[in-house]
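Novice: Here's a structure for you.
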Amino acid sequence: MRLDIISIFPEYFAPLDVSLMGKARERGILDVRVHQLREWAHDVHRTVDDTPYGGGPGMVMKPEVWGEALDTVIGDGSPRMIVPTPSGRPFTQELAQELAAEPWLLFACGRYEGIDSRVMAEYGARLRVDEVSIGDYVLAGGEVAVLVMAEAIGRLLPGVLGNAHSAVDDSFAPGAMRNLLEGPVYTKPPVWRGHEVPAVLLSGHHGKVARWRRDQALRRTLANRPELAAALDPETLDKHDRRLLEELAFRLPPEDMAH
Ligand code: 6GU
């Protein structure tokens with residue numbers, strides 16, 4: 001996968017040289033190219049922003065600079081373009097999977113109040129352009145959001161994770177544990193500062209371990225993400241699940257009358 005990033009702070013992307021993303025680049029799975037937007041500014045101050053039409057606080061990134069930068073980086077190609085912004089569609093595991101299947105992604109990082117909207121209109125007529133938010137909070141710019149998205153996408157690329165199956169039972173991956181958070185994990189020693197590892201995990205009884213893990217996943221989902229619990233499909237719950245949820249006084253949505 002080729003990944004281009006345009007930003008006025010290319011230094012933000014140093015973490016892409018290390019760990020999992022660094023390995024993916026060494027292995028040739030990922031080709032990351034970071035570009036300084038100011039290279040395409042022509043005035044002595046290399047200005048990239050201006051005051052907003054209609055008034056209001058902050059500054060808006062100028063369309064001409066972005067247009068020249070994007071034309072150069074895109075050339076005759078057609079990357080999928082992502083514009084990080086708190087006003088975008090949510091970045092989810094599903095979107096990460098969709099983007100991991102693309103051969104070429106281009107991230108256009110805005111600072112200040114954002115990029116002049118005509119830039120998205122112009123390139124949206126030629127490329128698939130998505131404005132994307134990583135959550136309901138406001139960052140100072142899109143750079144950190146791009147790091148988040150790049151890592152979520154990068155770990156899904158074939159050959160990036162050591163164990164080929166490491167990504168399959170993630171909390172938000174499709175499958176049996178879909179929409180359940182993962183439960184707690186333990187390693188040696190069996191007692192640490194008086195805290196014991198739950199005995200079932202030492203029992204060697206695979207069926208009991210699986211049941212215990214599922215109970216923990218349900219408890220954690222109810223406690224931390226009640227809206228995910230409310231969206232659980234009753235059809236995916238067995239009688240143990242139902243009994244646990246009842247114990248925890250959790251009201252399941254009514255069964256579909258068609259079944
Ligand atoms: Cl993608 N950008 C900024 N600036 N803030 C955000 C965000 C993105 N996602 C959540 N907050």
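Ordering of the structure tokens sets the chain letters (A, B, ...); residue numbers start at 1 within each chain; ligands are numbered from 1 in the order shown.
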Using DSSP on the backbone coordinates, identify all residues within segment 67-199 of chain A classified as helix (DSSP H, G or I); present the result as a PyMOL selection string.
Specialist: chain A and resi 67-74+93-100+117-124+143-154+199
Novice: Produce a file of the selected residues containing C-alpha atoms, as a compact mmCIF listing (two decimals), in the first residue's frame.
Specialist:
# COMPACT_ATOMS: atom_id res chain seq x y z
CA GLY A 67 -4.46 22.46 -5.13
CA GLU A 68 -0.82 22.60 -6.20
CA ALA A 69 0.24 20.12 -3.52
CA LEU A 70 -2.51 17.65 -4.39
CA ASP A 71 -1.96 17.93 -8.16
CA THR A 72 1.75 17.15 -7.69
CA VAL A 73 1.24 14.22 -5.32
CA ILE A 74 -1.67 12.71 -7.26
CA GLN A 93 -12.92 -0.79 12.37
CA GLU A 94 -15.18 -1.32 9.36
CA LEU A 95 -13.81 1.78 7.62
CA ALA A 96 -10.25 0.72 8.57
CA GLN A 97 -10.87 -2.64 6.83
CA GLU A 98 -12.27 -0.93 3.76
CA LEU A 99 -9.27 1.42 3.56
CA ALA A 100 -6.81 -1.46 4.16
CA SER A 117 -14.21 23.44 1.34
CA ARG A 118 -13.75 23.93 -2.43
CA VAL A 119 -10.69 21.71 -2.22
CA MET A 120 -12.88 18.74 -1.19
CA ALA A 121 -15.42 19.67 -3.91
CA GLU A 122 -12.69 19.87 -6.60
CA TYR A 123 -11.00 16.55 -5.79
CA GLY A 124 -14.28 14.89 -4.84
CA GLU A 143 -1.87 14.88 12.21
CA VAL A 144 -2.52 12.78 15.32
CA ALA A 145 -5.77 11.49 13.79
CA VAL A 146 -3.79 10.35 10.72
CA LEU A 147 -1.33 8.49 12.96
CA VAL A 148 -4.28 6.73 14.59
CA MET A 149 -5.86 5.81 11.26
CA ALA A 150 -2.56 4.77 9.65
CA GLU A 151 -1.83 2.35 12.49
CA ALA A 152 -5.35 0.90 12.54
CA ILE A 153 -5.13 0.36 8.76
CA GLY A 154 -1.48 -0.75 8.71
CA ALA A 199 -8.32 -20.18 38.92
Novice: Using only C-alpha atoms and all ligand atoms, which residues have at least one atom no more than 8 Å from ligand 1? Output them as number ranges by chain.
Specialist: A: 83-88, 110-111, 131-146
Novice: Need the shell around Lys62 of chain A: protein/DNA/RNA residues with any atom at most 9 Å away, counting only C-alpha atoms. Skip same-chain ones fewer than 3 positions apart. Format as number ranges by chain?
Specialist: A: 47-50, 65-67, 115-116, 119
Novice: Which distance in Å separates atom CA of Phe91 of chain A and atom CA of Leu20 of chain A, to one decimal?
Specialist: 20.3 Å
Novice: Which parts of segment 161-219 of chain A does DSSP call strand (DSSP E) when run on the backbone here, written out as a list in words?
Specialist: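 Result set for segment 161-219 of chain A (strand (DSSP E)): Val191, Trp192, His195 and Glu196 of chain A.
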Novice: Pick out the closest residue to Arg27 of chain A from this set: A:Pro63, A:Pro79, A:Pro103, A:Gly159. Count only C-alpha atoms.
Specialist: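 Between A:Pro63, A:Pro79, A:Pro103, A:Gly159, the residue approaching Arg27 of chain A most closely is A:Gly159.
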Novice: Which residues are close to Phe9 of chain A, i.e. within 9 Å by only C-alpha atoms, leaving aside same-chain residues fewer than 6 positions away? Reply as a list in words.
Specialist: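 Skipping anything fewer than 6 positions along the chain leaves His35, Gln36, Leu37 and Glu143 of chain A.
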Novice: I'd like the contact shell of segment 202-217 of chain A - 9 Å cut-off, only C-alpha atoms, skipping same-chain residues fewer than 6 positions apart - returned as a compact mmCIF listing (two decimals) with N, CA, C and O atoms, in the first residue's frame.
Specialist:
# COMPACT_ATOMS: atom_id res chain seq x y z
N MET A 177 -17.51 -12.82 18.37
CA MET A 177 -17.42 -11.89 19.50
C MET A 177 -17.68 -10.45 19.05
O MET A 177 -17.37 -9.50 19.76
N LEU A 180 -18.61 -7.25 21.24
CA LEU A 180 -18.27 -7.48 22.65
C LEU A 180 -16.83 -7.01 22.88
O LEU A 180 -15.95 -7.29 22.06
N LEU A 181 -16.62 -6.30 23.98
CA LEU A 181 -15.25 -5.89 24.30
C LEU A 181 -14.48 -7.11 24.79
O LEU A 181 -15.05 -8.05 25.34
N GLU A 182 -13.17 -7.09 24.61
CA GLU A 182 -12.36 -8.19 25.12
C GLU A 182 -12.20 -8.06 26.63
O GLU A 182 -12.18 -6.96 27.18
N GLY A 183 -12.12 -9.21 27.28
CA GLY A 183 -12.01 -9.25 28.74
C GLY A 183 -10.56 -9.09 29.20
O GLY A 183 -9.67 -8.84 28.40
N PRO A 184 -10.34 -9.22 30.53
CA PRO A 184 -9.00 -9.04 31.09
C PRO A 184 -8.07 -10.19 30.72
O PRO A 184 -8.53 -11.29 30.45
N PRO A 190 1.46 -16.56 39.00
CA PRO A 190 0.06 -16.82 39.35
C PRO A 190 -0.46 -15.95 40.49
O PRO A 190 -1.66 -15.72 40.58
N HIS A 240 -26.47 -19.25 28.63
CA HIS A 240 -25.56 -18.73 29.67
C HIS A 240 -25.47 -17.22 29.60
O HIS A 240 -25.48 -16.54 30.62
N ASP A 241 -25.36 -16.72 28.36
CA ASP A 241 -25.32 -15.27 28.17
C ASP A 241 -26.57 -14.62 28.78
O ASP A 241 -26.49 -13.64 29.51
N LEU A 244 -26.59 -14.62 32.57
CA LEU A 244 -25.66 -13.60 33.11
C LEU A 244 -26.26 -12.20 32.98
O LEU A 244 -26.24 -11.42 33.92
Novice: Identify, on the basis of only C-alpha atoms, every residue whose closest approach to Arg251 of chain A does not exceed 10 Å; exclude the query and any residue fewer than 2 positions from it along the same chain; express the result as a PyMOL selection string.
Specialist: chain A and resi 229-230+242+245-246+248-249+253-254
Novice: Work out how far atom CA of Trp104 of chain A is from atom CA of Glu26 of chain A, in Å to one decimal.
Specialist: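 These atoms are spaced 17.7 Å apart.
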Novice: Give me, please, the distance in Å between atom CA of Leu30 of chain A and atom CA of Asp130 of chain A, quoted to one decimal.
Specialist: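 Between atom CA of Leu30 of chain A and atom CA of Asp130 of chain A the gap is 21.1 Å.
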Novice: Check the smallest atom-to-atom distance from each of A:Pro226, A:Pro189, A:Gly114, A:Gly162 to Gly58 of chain A using only C-alpha atoms, then report the winner.
Specialist: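 Once distances to Gly58 of chain A are computed over only C-alpha atoms, the minimum belongs to A:Gly114.
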Novice: When you look at Pro10 of chain A with a cut-off of 8 Å (counting only C-alpha atoms), what residues show up, excluding the ones that are within fewer than 2 positions of it in the same chain? I need them as a short mmCIF file (atom, residue, chain, number, x, y, z; two decimals) with N, CA and C atoms, in the first residue's frame.
Specialist:
data_model
loop_
_atom_site.label_atom_id
_atom_site.label_comp_id
_atom_site.auth_asym_id
_atom_site.auth_seq_id
_atom_site.Cartn_x
_atom_site.Cartn_y
_atom_site.Cartn_z
N ILE A 6 0.09 14.80 3.49
CA ILE A 6 0.47 16.20 3.30
C ILE A 6 0.11 16.97 4.57
N SER A 7 1.09 17.72 5.11
CA SER A 7 0.91 18.36 6.42
C SER A 7 1.90 19.52 6.53
N ILE A 8 1.59 20.51 7.38
CA ILE A 8 2.60 21.54 7.65
C ILE A 8 3.52 21.10 8.79
N TYR A 12 5.51 15.24 12.84
CA TYR A 12 4.53 14.45 13.58
C TYR A 12 4.56 12.97 13.20
N PHE A 13 5.08 12.66 12.02
CA PHE A 13 4.93 11.29 11.50
C PHE A 13 6.15 10.41 11.75
N ALA A 14 7.09 10.92 12.58
CA ALA A 14 8.26 10.12 12.96
C ALA A 14 7.87 8.75 13.52
N VAL A 34 5.77 11.39 3.24
CA VAL A 34 5.25 12.56 3.96
C VAL A 34 5.72 13.82 3.23
N HIS A 35 4.81 14.74 2.99
CA HIS A 35 5.11 15.96 2.23
C HIS A 35 4.83 17.20 3.07
N GLN A 36 5.72 18.19 2.97
CA GLN A 36 5.54 19.48 3.63
C GLN A 36 4.67 20.37 2.73
#
